[in-house]
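Colleague: Supplied structure: my_file-v4.cif, mmCIF, C-alpha atoms.
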data_my_file
#
loop_
_atom_site.label_atom_id
_atom_site.label_comp_id
_atom_site.auth_asym_id
_atom_site.auth_seq_id
_atom_site.Cartn_x
_atom_site.Cartn_y
_atom_site.Cartn_z
CA MET A 1464 -9.72 15.45 -31.56
CA GLU A 1465 -9.47 16.02 -35.32
CA GLU A 1466 -5.71 15.74 -35.73
CA LYS A 1467 -4.10 12.82 -33.91
CA LYS A 1468 -0.90 13.94 -32.27
CA ASN A 1469 1.10 12.49 -29.41
CA LEU A 1470 0.60 11.64 -25.76
CA ILE A 1471 3.07 11.73 -22.89
CA VAL A 1472 2.70 9.91 -19.58
CA GLY A 1473 4.62 10.00 -16.32
CA GLN A 1474 4.63 8.34 -12.91
CA SER A 1475 5.32 10.06 -9.61
CA GLY A 1476 5.44 9.47 -5.86
CA GLY A 1477 5.94 6.11 -4.17
CA PRO A 1478 5.80 2.91 -6.22
CA THR A 1479 2.98 0.38 -5.94
CA ALA A 1480 2.10 -3.06 -7.24
CA ALA A 1481 -0.46 -1.52 -9.62
CA ILE A 1482 0.98 1.72 -11.00
CA ASN A 1483 2.44 -0.04 -14.03
CA ALA A 1484 -0.98 -1.53 -14.79
CA SER A 1485 -2.24 2.05 -15.09
CA LEU A 1486 0.70 2.85 -17.37
CA ALA A 1487 -0.24 -0.14 -19.53
CA GLY A 1488 -3.82 1.12 -19.60
CA VAL A 1489 -2.71 4.59 -20.71
CA TYR A 1490 -0.53 3.12 -23.45
CA CYS A 1491 -3.27 0.81 -24.73
CA GLY A 1492 -5.78 3.66 -24.57
CA ALA A 1493 -3.48 5.91 -26.58
CA LYS A 1494 -3.01 3.25 -29.25
CA HIS A 1495 -6.74 2.49 -29.31
CA PHE A 1496 -7.65 6.14 -29.83
CA GLY A 1497 -5.10 6.64 -32.58
CA PHE A 1498 -2.20 8.61 -31.09
CA GLU A 1499 0.82 8.50 -33.37
CA LYS A 1500 3.40 8.44 -30.58
CA VAL A 1501 3.26 7.59 -26.88
CA TYR A 1502 6.12 9.05 -24.87
CA GLY A 1503 7.12 8.35 -21.29
CA MET A 1504 8.76 10.71 -18.81
CA ARG A 1505 11.76 9.19 -17.06
CA PHE A 1506 11.60 10.17 -13.37
CA GLY A 1507 8.36 12.12 -13.53
CA ILE A 1508 7.98 15.82 -14.14
CA GLU A 1509 11.51 16.45 -12.90
CA GLY A 1510 12.96 14.14 -15.54
CA PHE A 1511 10.66 15.62 -18.16
CA LEU A 1512 12.06 19.10 -17.48
CA ASN A 1513 15.51 17.64 -18.20
CA GLU A 1514 14.13 16.11 -21.41
CA LYS A 1515 14.47 12.54 -20.18
CA ILE A 1516 11.82 11.26 -22.54
CA VAL A 1517 11.45 7.77 -23.99
CA ASP A 1518 9.41 6.33 -26.84
CA LEU A 1519 7.16 3.67 -25.29
CA ASP A 1520 6.43 2.19 -28.70
CA GLU A 1521 9.95 0.78 -28.65
CA THR A 1522 9.39 -1.38 -25.55
CA LEU A 1523 5.63 -1.94 -25.37
CA ASN A 1524 5.63 -3.40 -28.86
CA SER A 1525 3.80 -6.65 -28.17
CA GLU A 1526 0.82 -7.97 -26.20
CA LEU A 1527 3.27 -10.00 -24.13
CA ASN A 1528 5.25 -6.94 -23.04
CA ILE A 1529 2.08 -5.08 -22.13
CA GLU A 1530 0.82 -8.03 -20.10
CA LEU A 1531 4.18 -8.31 -18.35
CA LEU A 1532 4.11 -4.59 -17.55
CA LYS A 1533 0.71 -5.01 -15.85
CA ARG A 1534 2.26 -7.62 -13.56
CA THR A 1535 5.50 -5.74 -12.89
CA PRO A 1536 5.66 -3.86 -9.56
CA SER A 1537 7.15 -0.44 -8.88
CA SER A 1538 7.34 2.44 -11.39
CA TYR A 1539 8.59 1.36 -14.81
CA LEU A 1540 9.33 4.94 -15.86
CA GLY A 1541 10.88 5.94 -12.56
CA SER A 1542 9.56 8.54 -10.15
CA CYS A 1543 10.31 11.82 -8.41
CA ARG A 1544 9.12 14.10 -5.63
CA TYR A 1545 9.31 17.46 -7.30
CA LYS A 1546 7.11 20.42 -6.42
CA LEU A 1547 6.33 22.80 -9.24
CA PRO A 1548 6.31 26.51 -8.39
CA LYS A 1549 3.11 28.53 -8.46
CA PRO A 1550 1.98 28.94 -12.08
CA GLU A 1551 2.53 32.54 -13.20
CA ALA A 1552 2.94 34.06 -16.64
CA GLY A 1553 6.57 34.07 -17.71
CA ASN A 1554 7.74 31.49 -15.20
CA GLU A 1555 10.88 29.84 -16.60
CA VAL A 1556 10.00 26.34 -15.38
CA TYR A 1557 6.66 26.37 -17.17
CA GLN A 1558 8.10 28.03 -20.26
CA LYS A 1559 10.58 25.17 -20.54
CA ALA A 1560 7.88 22.55 -19.90
CA PHE A 1561 5.58 23.89 -22.59
CA GLU A 1562 8.40 24.32 -25.07
CA LEU A 1563 9.11 20.61 -24.65
CA LEU A 1564 5.43 19.74 -25.00
CA GLU A 1565 5.37 21.72 -28.24
CA LYS A 1566 8.61 20.12 -29.44
CA TYR A 1567 7.14 16.63 -29.07
CA SER A 1568 3.70 17.67 -30.41
CA ILE A 1569 1.96 16.62 -27.22
CA ASP A 1570 -1.82 16.82 -27.22
CA VAL A 1571 -2.53 14.99 -23.95
CA PHE A 1572 -0.39 14.91 -20.79
CA VAL A 1573 -1.19 12.11 -18.32
CA TYR A 1574 0.30 11.88 -14.84
CA ILE A 1575 -0.12 8.87 -12.56
CA GLY A 1576 0.31 9.52 -8.85
CA GLY A 1577 -1.03 10.59 -5.47
CA ASN A 1578 -1.77 13.87 -3.70
CA ASP A 1579 1.40 15.67 -4.76
CA SER A 1580 1.17 14.38 -8.33
CA MET A 1581 -2.34 15.79 -8.62
CA ASP A 1582 -0.80 19.12 -7.58
CA THR A 1583 1.33 18.85 -10.72
CA ILE A 1584 -1.73 18.31 -12.92
CA LEU A 1585 -3.48 21.25 -11.23
CA LYS A 1586 -0.58 23.64 -11.84
CA MET A 1587 0.17 22.51 -15.39
CA SER A 1588 -3.49 22.86 -16.40
CA GLU A 1589 -3.68 26.29 -14.76
CA TYR A 1590 -0.62 27.48 -16.65
CA ALA A 1591 -2.08 26.12 -19.89
CA LYS A 1592 -5.11 28.34 -19.31
CA ILE A 1593 -2.88 31.35 -18.63
CA ILE A 1594 -1.09 31.01 -21.98
CA GLY A 1595 -4.05 29.63 -23.93
CA SER A 1596 -2.49 26.23 -24.63
CA PRO A 1597 -4.85 23.54 -26.00
CA ILE A 1598 -2.92 20.70 -24.33
CA LYS A 1599 -5.06 18.53 -22.05
CA PHE A 1600 -3.89 17.45 -18.58
CA VAL A 1601 -5.33 14.33 -16.93
CA GLY A 1602 -4.50 12.78 -13.55
CA ILE A 1603 -4.67 9.05 -12.84
CA PRO A 1604 -4.86 8.25 -9.09
CA LYS A 1605 -2.30 6.05 -7.39
CA THR A 1606 -1.30 5.52 -3.78
CA ILE A 1607 -1.18 2.68 -1.32
CA ASP A 1608 -2.19 5.24 1.33
CA ASN A 1609 -5.69 5.43 -0.22
CA ASP A 1610 -5.97 9.01 0.99
CA LEU A 1611 -7.16 10.81 -2.16
CA PRO A 1612 -10.56 12.48 -1.77
CA VAL A 1613 -13.50 12.01 -4.16
CA THR A 1614 -12.44 8.53 -5.33
CA ASP A 1615 -13.81 5.52 -3.47
CA HIS A 1616 -10.31 4.04 -3.41
CA THR A 1617 -7.01 4.31 -5.23
CA PRO A 1618 -5.17 1.84 -7.47
CA GLY A 1619 -2.38 0.26 -5.46
CA TYR A 1620 -4.31 0.19 -2.21
CA GLY A 1621 -6.00 -3.19 -2.74
CA SER A 1622 -2.73 -5.04 -3.36
CA ALA A 1623 -0.95 -3.32 -0.46
CA ALA A 1624 -3.90 -4.03 1.85
CA LYS A 1625 -3.77 -7.68 0.81
CA TYR A 1626 -0.06 -7.76 1.65
CA ILE A 1627 -0.63 -6.18 5.07
CA ALA A 1628 -3.42 -8.60 5.96
CA THR A 1629 -1.21 -11.53 4.98
CA CYS A 1630 1.76 -10.22 6.98
CA ILE A 1631 -0.33 -9.64 10.09
CA SER A 1632 -1.78 -13.13 9.83
CA GLU A 1633 1.73 -14.60 9.68
CA VAL A 1634 3.11 -12.42 12.48
CA VAL A 1635 0.25 -13.55 14.72
CA ARG A 1636 1.11 -17.17 13.99
CA ASP A 1637 4.77 -16.52 14.73
CA SER A 1638 4.09 -14.74 18.03
CA ASN A 1639 2.00 -17.59 19.40
CA VAL A 1640 4.69 -20.26 19.39
CA TYR A 1641 6.28 -19.29 22.73
CA ASP A 1642 4.80 -19.72 26.20
CA LEU A 1643 5.76 -16.27 27.43
CA LYS A 1644 4.26 -12.83 27.47
CA SER A 1645 5.13 -10.69 24.47
CA VAL A 1646 3.97 -7.68 22.49
CA THR A 1647 4.82 -7.31 18.80
CA PHE A 1648 4.39 -3.93 17.11
CA VAL A 1649 4.03 -3.99 13.32
CA GLU A 1650 4.63 -0.57 11.77
CA ILE A 1651 2.65 0.17 8.61
CA MET A 1652 2.84 3.12 6.22
CA GLY A 1653 0.33 5.96 6.28
CA ARG A 1654 1.15 9.49 7.38
CA ASN A 1655 -2.16 11.08 8.28
CA ALA A 1656 -4.65 8.48 7.10
CA GLY A 1657 -4.89 4.96 8.48
CA TRP A 1658 -6.38 3.11 5.52
CA LEU A 1659 -3.40 0.81 5.09
CA THR A 1660 -2.99 0.12 8.80
CA ALA A 1661 -6.72 -0.61 9.04
CA ALA A 1662 -6.20 -3.41 6.51
CA ALA A 1663 -4.65 -5.38 9.39
CA ALA A 1664 -8.25 -6.08 10.42
CA LEU A 1665 -8.64 -8.25 7.30
CA ALA A 1666 -6.30 -10.83 8.86
CA LYS A 1667 -8.90 -11.85 11.43
CA ASN A 1668 -10.94 -14.97 10.66
CA SER A 1669 -12.06 -18.19 12.32
CA PHE A 1670 -8.47 -19.51 12.18
CA ASN A 1671 -6.57 -16.35 13.12
CA ASP A 1672 -7.05 -13.76 15.87
CA GLY A 1673 -5.59 -10.98 13.77
CA ALA A 1674 -4.17 -7.86 15.40
CA ASP A 1675 -5.27 -7.22 18.99
CA PHE A 1676 -4.99 -3.46 18.54
CA ILE A 1677 -4.92 -1.21 15.47
CA LEU A 1678 -3.48 2.25 16.15
CA LEU A 1679 -4.63 4.79 13.57
CA PRO A 1680 -3.46 8.37 12.95
CA GLU A 1681 -7.11 9.51 12.95
CA ILE A 1682 -7.22 8.85 16.71
CA GLY A 1683 -4.81 10.66 19.04
CA LEU A 1684 -3.00 8.12 21.22
CA ASN A 1685 -3.15 8.50 25.00
CA LEU A 1686 -0.02 6.45 25.64
CA LYS A 1687 -0.49 6.16 29.40
CA ALA A 1688 -4.04 4.86 29.00
CA PHE A 1689 -2.95 2.49 26.22
CA ILE A 1690 -0.23 1.00 28.43
CA ASN A 1691 -2.82 0.26 31.11
CA ILE A 1692 -5.16 -1.35 28.58
CA LEU A 1693 -2.30 -3.38 27.15
CA GLY A 1694 -1.33 -4.58 30.63
CA ASN A 1695 -4.88 -5.77 31.26
CA ARG A 1696 -4.97 -7.61 27.94
CA LEU A 1697 -1.72 -9.39 28.83
CA ASN A 1698 -3.52 -10.79 31.86
CA GLU A 1699 -5.93 -12.46 29.45
CA LYS A 1700 -3.52 -13.73 26.78
CA ASN A 1701 0.22 -14.09 26.44
CA ASN A 1702 0.95 -12.78 22.98
CA ILE A 1703 -0.29 -9.43 21.70
CA VAL A 1704 0.10 -8.07 18.17
CA VAL A 1705 -0.36 -4.33 17.56
CA ALA A 1706 -0.67 -2.88 14.06
CA VAL A 1707 0.51 0.73 14.23
CA SER A 1708 0.56 3.47 11.63
CA GLU A 1709 3.85 5.28 11.16
CA GLY A 1710 1.88 8.53 11.46
CA ILE A 1711 0.14 8.12 14.82
CA LYS A 1712 0.13 11.22 17.00
CA ASP A 1713 -0.22 11.93 20.68
CA GLN A 1714 -3.24 13.77 22.02
CA ASN A 1715 -1.52 17.08 21.37
CA GLY A 1716 -1.23 16.33 17.65
CA ASN A 1717 2.53 15.60 17.63
CA TYR A 1718 3.86 12.67 15.60
CA ILE A 1719 5.26 10.04 17.93
CA SER A 1720 8.04 9.23 15.46
CA GLU A 1721 8.73 12.66 14.00
CA ASP A 1722 12.28 13.11 12.69
CA GLU A 1723 13.03 16.70 13.67
CA GLY A 1724 14.29 18.96 10.90
CA ASN A 1725 13.93 16.54 7.99
CA VAL A 1726 11.24 17.21 5.38
CA ASP A 1727 10.67 16.14 1.77
CA ALA A 1728 10.21 18.37 -1.28
CA PHE A 1729 6.57 18.99 -0.43
CA GLY A 1730 7.30 19.93 3.19
CA HIS A 1731 6.15 16.64 4.72
CA LYS A 1732 8.02 15.80 7.93
CA MET A 1733 9.93 12.54 7.76
CA LEU A 1734 8.63 9.77 10.01
CA SER A 1735 10.64 6.87 11.37
CA GLY A 1736 10.66 4.33 14.17
CA THR A 1737 7.12 4.37 15.60
CA ALA A 1738 7.11 0.63 16.32
CA ALA A 1739 10.61 0.72 17.79
CA TYR A 1740 9.67 3.60 20.09
CA LEU A 1741 6.56 1.83 21.36
CA ALA A 1742 8.33 -1.51 21.78
CA LYS A 1743 11.02 0.13 23.91
CA LYS A 1744 8.43 2.01 25.95
CA ILE A 1745 6.25 -1.04 26.63
CA LYS A 1746 9.22 -3.21 27.56
CA SER A 1747 10.27 -0.59 30.09
CA GLU A 1748 6.78 -0.06 31.54
CA LEU A 1749 5.43 -3.62 31.56
CA GLY A 1750 8.60 -5.71 31.68
CA VAL A 1751 7.57 -8.06 28.88
CA LYS A 1752 9.31 -9.20 25.71
CA THR A 1753 8.65 -6.81 22.84
CA ARG A 1754 9.48 -6.78 19.17
CA ALA A 1755 9.26 -4.06 16.52
CA VAL A 1756 8.57 -5.09 12.92
CA GLU A 1757 8.84 -2.29 10.36
CA ILE A 1758 7.45 -3.51 7.05
CA ASN A 1759 8.61 -0.31 5.37
CA THR A 1760 8.98 -0.45 1.58
CA LEU A 1761 8.06 -4.14 1.39
CA GLN A 1762 4.36 -3.25 1.42
CA ARG A 1763 4.54 -0.92 -1.57
CA ALA A 1764 5.38 -3.16 -4.50
CA ALA A 1765 4.63 -6.72 -3.41
CA ALA A 1766 3.62 -8.19 -6.76
CA HIS A 1767 3.38 -11.73 -5.39
CA LEU A 1768 0.21 -10.62 -3.56
CA GLN A 1769 -1.34 -8.44 -6.24
CA SER A 1770 -5.11 -8.17 -6.13
CA LYS A 1771 -6.68 -8.97 -9.49
CA THR A 1772 -9.37 -6.40 -8.77
CA ASP A 1773 -6.67 -3.81 -8.15
CA ILE A 1774 -4.72 -4.57 -11.33
CA ASP A 1775 -7.80 -4.71 -13.55
CA GLU A 1776 -9.13 -1.42 -12.20
CA ALA A 1777 -5.72 0.26 -12.47
CA PHE A 1778 -5.54 -0.69 -16.15
CA ASN A 1779 -9.09 0.45 -16.87
CA ILE A 1780 -8.75 3.84 -15.18
CA GLY A 1781 -5.57 4.53 -17.17
CA PHE A 1782 -7.31 3.59 -20.42
CA LEU A 1783 -10.31 5.80 -19.67
CA GLY A 1784 -8.04 8.68 -18.65
CA VAL A 1785 -6.86 8.83 -22.26
CA LYS A 1786 -10.47 8.85 -23.44
CA ALA A 1787 -11.18 11.85 -21.19
CA GLY A 1788 -8.21 13.69 -22.68
CA ILE A 1789 -9.23 13.21 -26.30
CA GLU A 1790 -12.76 14.29 -25.42
CA GLY A 1791 -11.35 17.65 -24.37
CA GLU A 1792 -11.25 17.21 -20.60
CA THR A 1793 -8.37 18.93 -18.82
CA GLY A 1794 -7.47 19.65 -15.22
CA VAL A 1795 -9.30 16.50 -14.14
CA MET A 1796 -8.60 13.33 -12.20
CA MET A 1797 -10.24 10.03 -13.00
CA TYR A 1798 -11.82 8.31 -10.02
CA PHE A 1799 -13.81 5.28 -8.87
CA ASP A 1800 -17.47 5.62 -7.90
CA ARG A 1801 -18.63 2.54 -5.99
CA VAL A 1802 -22.07 1.54 -7.19
CA ASN A 1803 -22.54 -1.67 -5.24
CA ASP A 1804 -20.86 -3.69 -2.47
CA ALA A 1805 -22.25 -7.19 -3.09
CA PRO A 1806 -21.62 -7.95 -5.83
CA TYR A 1807 -18.91 -5.31 -5.90
CA LEU A 1808 -19.06 -2.79 -8.72
CA SER A 1809 -17.28 0.52 -9.28
CA ILE A 1810 -17.41 2.74 -12.35
CA VAL A 1811 -14.86 5.30 -13.53
CA ARG A 1812 -15.78 9.00 -13.53
CA LYS A 1813 -13.84 12.26 -13.65
CA CYS A 1814 -13.70 15.27 -11.34
CA ASP A 1815 -12.08 18.68 -11.26
CA ILE A 1816 -8.49 18.34 -10.03
CA SER A 1817 -8.97 21.18 -7.55
CA LEU A 1818 -11.18 18.86 -5.51
CA VAL A 1819 -8.26 16.46 -5.05
CA ALA A 1820 -4.86 18.17 -5.13
CA ASN A 1821 -3.20 18.57 -1.72
CA ILE A 1822 -6.23 17.20 0.16
CA GLU A 1823 -6.11 14.03 2.30
CA LYS A 1824 -9.02 11.69 2.99
CA GLU A 1825 -9.11 10.04 6.40
CA ILE A 1826 -11.05 6.99 7.56
CA PRO A 1827 -14.56 8.07 8.64
CA ARG A 1828 -14.95 8.01 12.42
CA GLY A 1829 -18.01 5.82 11.96
CA TRP A 1830 -15.78 3.08 10.53
CA ILE A 1831 -13.49 3.08 13.59
CA SER A 1832 -14.38 1.12 16.72
CA GLU A 1833 -15.74 3.09 19.67
CA ASP A 1834 -12.59 2.58 21.74
CA GLY A 1835 -10.42 3.82 18.84
CA PHE A 1836 -8.27 0.67 18.77
CA GLY A 1837 -9.68 -0.97 15.65
CA VAL A 1838 -12.20 -0.77 12.83
CA ASN A 1839 -15.71 -2.12 12.49
CA GLU A 1840 -17.68 -4.06 9.89
CA LYS A 1841 -18.23 -0.99 7.74
CA PHE A 1842 -14.53 -0.89 6.97
CA ILE A 1843 -14.38 -4.67 6.42
CA GLU A 1844 -17.25 -4.48 3.91
CA TYR A 1845 -15.47 -1.62 2.15
CA ALA A 1846 -12.03 -3.22 1.94
CA LYS A 1847 -12.73 -6.89 1.24
CA PRO A 1848 -13.70 -6.53 -2.43
CA LEU A 1849 -10.54 -4.55 -3.14
CA ILE A 1850 -8.18 -7.40 -2.22
CA THR A 1851 -9.94 -10.16 -4.13
CA GLY A 1852 -8.61 -12.25 -6.98
CA GLU A 1853 -5.17 -13.36 -8.07
CA LEU A 1854 -3.20 -12.96 -11.27
CA SER A 1855 -1.66 -15.92 -12.98
CA ASN A 1856 2.13 -15.86 -13.13
CA ILE A 1857 1.98 -17.60 -16.49
CA VAL A 1858 1.92 -15.23 -19.44
CA CYS A 1859 1.91 -16.64 -22.96
CA GLU A 1860 2.59 -14.84 -26.23
CA GLY A 1861 0.45 -15.47 -29.25
#
Translate the structure of the given file into structure tokens.
Modeller:
Amino acid sequence: MEEKKNLIVGQSGGPTAAINASLAGVYCGAKHFGFEKVYGMRFGIEGFLNEKIVDLDETLNSELNIELLKRTPSSYLGSCRYKLPKPEAGNEVYQKAFELLEKYSIDVFVYIGGNDSMDTILKMSEYAKIIGSPIKFVGIPKTIDNDLPVTDHTPGYGSAAKYIATCISEVVRDSNVYDLKSVTFVEIMGRNAGWLTAAAALAKNSFNDGADFILLPEIGLNLKAFINILGNRLNEKNNIVVAVSEGIKDQNGNYISEDEGNVDAFGHKMLSGTAAYLAKKIKSELGVKTRAVEINTLQRAAAHLQSKTDIDEAFNIGFLGVKAGIEGETGVMMYFDRVNDAPYLSIVRKCDISLVANIEKEIPRGWISEDGFGVNEKFIEYAKPLITGELSNIVCEG
């Protein structure tokens, strides 16, 4: 890039404990590579279209503030769930977007997010080609769901998985204090991919039984058969803990907790109450005490259980996303390529955004137990390195 111009960055989709670390990485990368101005979109692409743009140089003006941003959960710039129309010449939405990009002399546009956010990068880069714009568009992955294809894992997943494993461990301890038969259902996020729910398996060790069953959306649930299996397990032990994905389906492919008629901006059906439904059903069928625990948004931005691996990688992939942009790459997403498990090592690469946008990655069947009610060692080996390490809460300036 001969003439240093400006960079703009936005965040989209659900918040995580690591998305701000990627933002910090993008900002530091922009400063390192000589951009004059680094702008932020308030509330993603939707806010950008309304010219809600901030100068990040005004707030990220010290090493202390940058370090604090890395440790701050949720989305510092705010988020949105806004679906861009199909890119066509003369479209008013894109005309407005590119007028703003020209107004602020933007050379590189970086967007941090999940499946739907990569759709934004895909469409913006396609429109740039239609009109011959030189602006570069780069996607930085983010999602606790860990369901983006190509990349080994996504920033945000490691910290959320660590939180889930800790919660399951504590719920198991809680459930064992009473001398009565009980079943506790813990509902975990994940629409069509069970990566986050599978993290419940990380709670099991020599001191903790972990979850007795892990119900994943990759496996259709035969509820009648599951009730029989659950009844038999209750003959062996009093207290059962079941980790269940919000997105589990029956054998006909219907969401158990589907909220009829309600969808988001991208057409995704709203899910709610899987654990509550199962708890009510099991209490009725087996006559035992049941409890439904819905972790809900608590798992998304739990900074007190951030994984150091997660935060460090989130920062690095943001930094290298800027490098890709100044090297002329556009319509790409940065991703992690795992080189080694022990010791763990992943390197950052880039891929065409069309390989990622609107595609979901499920847990391989070979990583799920034969009976479909858990995961095996292949998943454990995959997930353990991603939850390792802790960040110090002490940050000093100077």
Colleague: Hey, what comes out of the PyMOL selection byres ((chain A and resi 1570) around 7) on this file? Could you write it as a VMD selection string?
Modeller: chain A and resid 1468 to 1470 1568 to 1569 1571 to 1572 1598 to 1599
Colleague: Please report the interatomic distance between atom CA of Ile1822 of chain A and atom CA of Tyr1798 of chain A in Å with one decimal.
Modeller: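 Separation between atom CA of Ile1822 of chain A and atom CA of Tyr1798 of chain A: 14.6 Å.
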Colleague: Do you have the atom CA of Leu1547 of chain A-atom CA of Ala1764 of chain A distance handy?
Modeller: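 Pair atom CA of Leu1547 of chain A / atom CA of Ala1764 of chain A returns 26.4 Å.
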Colleague: Quote the spacing between atom CA of Glu1709 of chain A and atom CA of Glu1844 of chain A in Å to one decimal place.
Modeller: 24.4 Å
Colleague: Please write the residues picked by the PyMOL selection byres ((chain A and resi 1514-1522) around 7) on this file as a PyMOL selection string.
Modeller: chain A and resi 1501-1505+1510-1513+1523-1524
Colleague: Name every residue that the PyMOL selection byres ((chain A and resi 1837) around 9) selects in this structure, writing the answer as a list in words with chains first and numbers rising.
Modeller: Ala1661, Ala1664, Ala1674, Asp1675, Phe1676, Ile1677, Leu1678, Leu1679, Trp1830, Ile1831, Ser1832, Glu1833, Asp1834, Gly1835, Phe1836, Val1838 and Asn1839 of chain A
Colleague: Take the selection from the previous step and output its residues with C-alpha atoms, as a PDB file, in the frame of the given file.
Modeller:
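Just written: result27.pdb:
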ATOM      1  CA  ALA A1661      -6.720  -0.610   9.040  1.00  0.00           C
ATOM      2  CA  ALA A1664      -8.250  -6.080  10.420  1.00  0.00           C
ATOM      3  CA  ALA A1674      -4.170  -7.860  15.400  1.00  0.00           C
ATOM      4  CA  ASP A1675      -5.270  -7.220  18.990  1.00  0.00           C
ATOM      5  CA  PHE A1676      -4.990  -3.460  18.540  1.00  0.00           C
ATOM      6  CA  ILE A1677      -4.920  -1.210  15.470  1.00  0.00           C
ATOM      7  CA  LEU A1678      -3.480   2.250  16.150  1.00  0.00           C
ATOM      8  CA  LEU A1679      -4.630   4.790  13.570  1.00  0.00           C
ATOM      9  CA  TRP A1830     -15.780   3.080  10.530  1.00  0.00           C
ATOM     10  CA  ILE A1831     -13.490   3.080  13.590  1.00  0.00           C
ATOM     11  CA  SER A1832     -14.380   1.120  16.720  1.00  0.00           C
ATOM     12  CA  GLU A1833     -15.740   3.090  19.670  1.00  0.00           C
ATOM     13  CA  ASP A1834     -12.590   2.580  21.740  1.00  0.00           C
ATOM     14  CA  GLY A1835     -10.420   3.820  18.840  1.00  0.00           C
ATOM     15  CA  PHE A1836      -8.270   0.670  18.770  1.00  0.00           C
ATOM     16  CA  VAL A1838     -12.200  -0.770  12.830  1.00  0.00           C
ATOM     17  CA  ASN A1839     -15.710  -2.120  12.490  1.00  0.00           C
TER      18      ASN A1839
END
Colleague: I'd like a table as a Markdown table: residues in segment 1732-1793 of chain A with an atom no more than 9 Å from segment 1625-1646 of chain A, each row giving the shortest atom pair and its distance in Å to one decimal, all atoms listed in the file counted, sorted by chain and rising residue number.
Modeller:
| residue | atom | partner | partner_atom | distance |
| --- | --- | --- | --- | --- |
| A:Ala1742 | CA | A:Val1646 | CA | 7.6 |
| A:Ile1745 | CA | A:Val1646 | CA | 8.2 |
| A:Lys1746 | CA | A:Val1646 | CA | 8.6 |
| A:Val1751 | CA | A:Ser1645 | CA | 5.7 |
| A:Lys1752 | CA | A:Ser1645 | CA | 4.6 |
| A:Thr1753 | CA | A:Val1646 | CA | 4.8 |
| A:Arg1754 | CA | A:Val1646 | CA | 6.5 |
| A:Ala1755 | CA | A:Val1646 | CA | 8.8 |
| A:Ile1758 | CA | A:Ile1627 | CA | 8.7 |
| A:Leu1761 | CA | A:Tyr1626 | CA | 8.9 |
| A:Gln1762 | CA | A:Tyr1626 | CA | 6.3 |
| A:Arg1763 | CA | A:Tyr1626 | CA | 8.8 |
| A:Ala1765 | CA | A:Tyr1626 | CA | 7.0 |
| A:His1767 | CA | A:Tyr1626 | CA | 8.8 |
| A:Leu1768 | CA | A:Tyr1626 | CA | 5.9 |
| A:Gln1769 | CA | A:Lys1625 | CA | 7.5 |
| A:Ser1770 | CA | A:Lys1625 | CA | 7.1 |
Colleague: Between A:Thr1760, A:Glu1551, A:Ile1774, A:Asn1655, which one has atoms that come closest to Tyr1718 of chain A, using only C-alpha atoms?
Modeller: A:Asn1655
Colleague: What residues have an atom no more than 7 Å from (3.5, 3.4, 4.5) in the file's own frame, counting all atoms listed in the file, and can you write them as a PDB file with C-alpha atoms, keeping the file's coordinate frame?
Modeller:
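Final file, selection_26.pdb:
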ATOM      1  CA  ASP A1608      -2.190   5.240   1.330  1.00  0.00           C
ATOM      2  CA  ILE A1651       2.650   0.170   8.610  1.00  0.00           C
ATOM      3  CA  MET A1652       2.840   3.120   6.220  1.00  0.00           C
ATOM      4  CA  GLY A1653       0.330   5.960   6.280  1.00  0.00           C
ATOM      5  CA  GLU A1709       3.850   5.280  11.160  1.00  0.00           C
ATOM      6  CA  ASN A1759       8.610  -0.310   5.370  1.00  0.00           C
TER       7      ASN A1759
END
Colleague: Name the closest residue to Ala1662 of chain A among the candidates A:Val1472, A:Val1756, A:Ala1624, A:Leu1783; distances are taken between atoms, counting only C-alpha atoms.
Modeller: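 Ranking A:Val1472, A:Val1756, A:Ala1624, A:Leu1783 by distance to Ala1662 of chain A, first place goes to A:Ala1624.
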Colleague: So, with only C-alpha atoms as the atoms that count, which of A:Phe1778, A:Phe1600, A:Tyr1740, A:Phe1561 lies closest to Cys1491 of chain A?
Modeller: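 For Cys1491 of chain A, the nearest of the given residues is A:Phe1778.
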Colleague: Need the shell around Ile1719 of chain A: protein/DNA/RNA residues with any atom at most 8 Å away, counting only C-alpha atoms. Skip same-chain ones fewer than 4 positions apart. Format as a PyMOL selection string?
Modeller: chain A and resi 1710-1713+1737
Colleague: How big is the axis-aligned box, and where does its centre sit, when it encloses all atoms of segment 1598-1610 of chain A listed in the file and has 3 Å added on every side, reported in Å to one decimal as lines of an AutoDock Vina configuration file?
Modeller:
center_x = -3.6
center_y = 11.7
center_z = -11.5
size_x = 10.8
size_y = 24.0
size_z = 31.7
Colleague: Out of A:Arg1696, A:Arg1654, A:Lys1771, A:His1616, which residue has the shortest atom-to-atom distance to Ile1810 of chain A when counting only C-alpha atoms?
Modeller: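 Residue with the minimum atom-to-atom distance to Ile1810 of chain A: A:His1616.
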Colleague: Write out as a PyMOL selection string each polymer residue whose atoms come within 9 Å of Gln1714 of chain A, counting all atoms listed in the file; drop sequence neighbours fewer than 2 positions from it.
Modeller: chain A and resi 1682-1686+1712+1716-1717
Colleague: Dump C-alpha atoms for the selected residues as a PDB file, in the coordinates of the input?
Modeller:
ATOM      1  CA  ILE A1682      -7.220   8.850  16.710  1.00  0.00           C
ATOM      2  CA  GLY A1683      -4.810  10.660  19.040  1.00  0.00           C
ATOM      3  CA  LEU A1684      -3.000   8.120  21.220  1.00  0.00           C
ATOM      4  CA  ASN A1685      -3.150   8.500  25.000  1.00  0.00           C
ATOM      5  CA  LEU A1686      -0.020   6.450  25.640  1.00  0.00           C
ATOM      6  CA  LYS A1712       0.130  11.220  17.000  1.00  0.00           C
ATOM      7  CA  GLY A1716      -1.230  16.330  17.650  1.00  0.00           C
ATOM      8  CA  ASN A1717       2.530  15.600  17.630  1.00  0.00           C
TER       9      ASN A1717
END
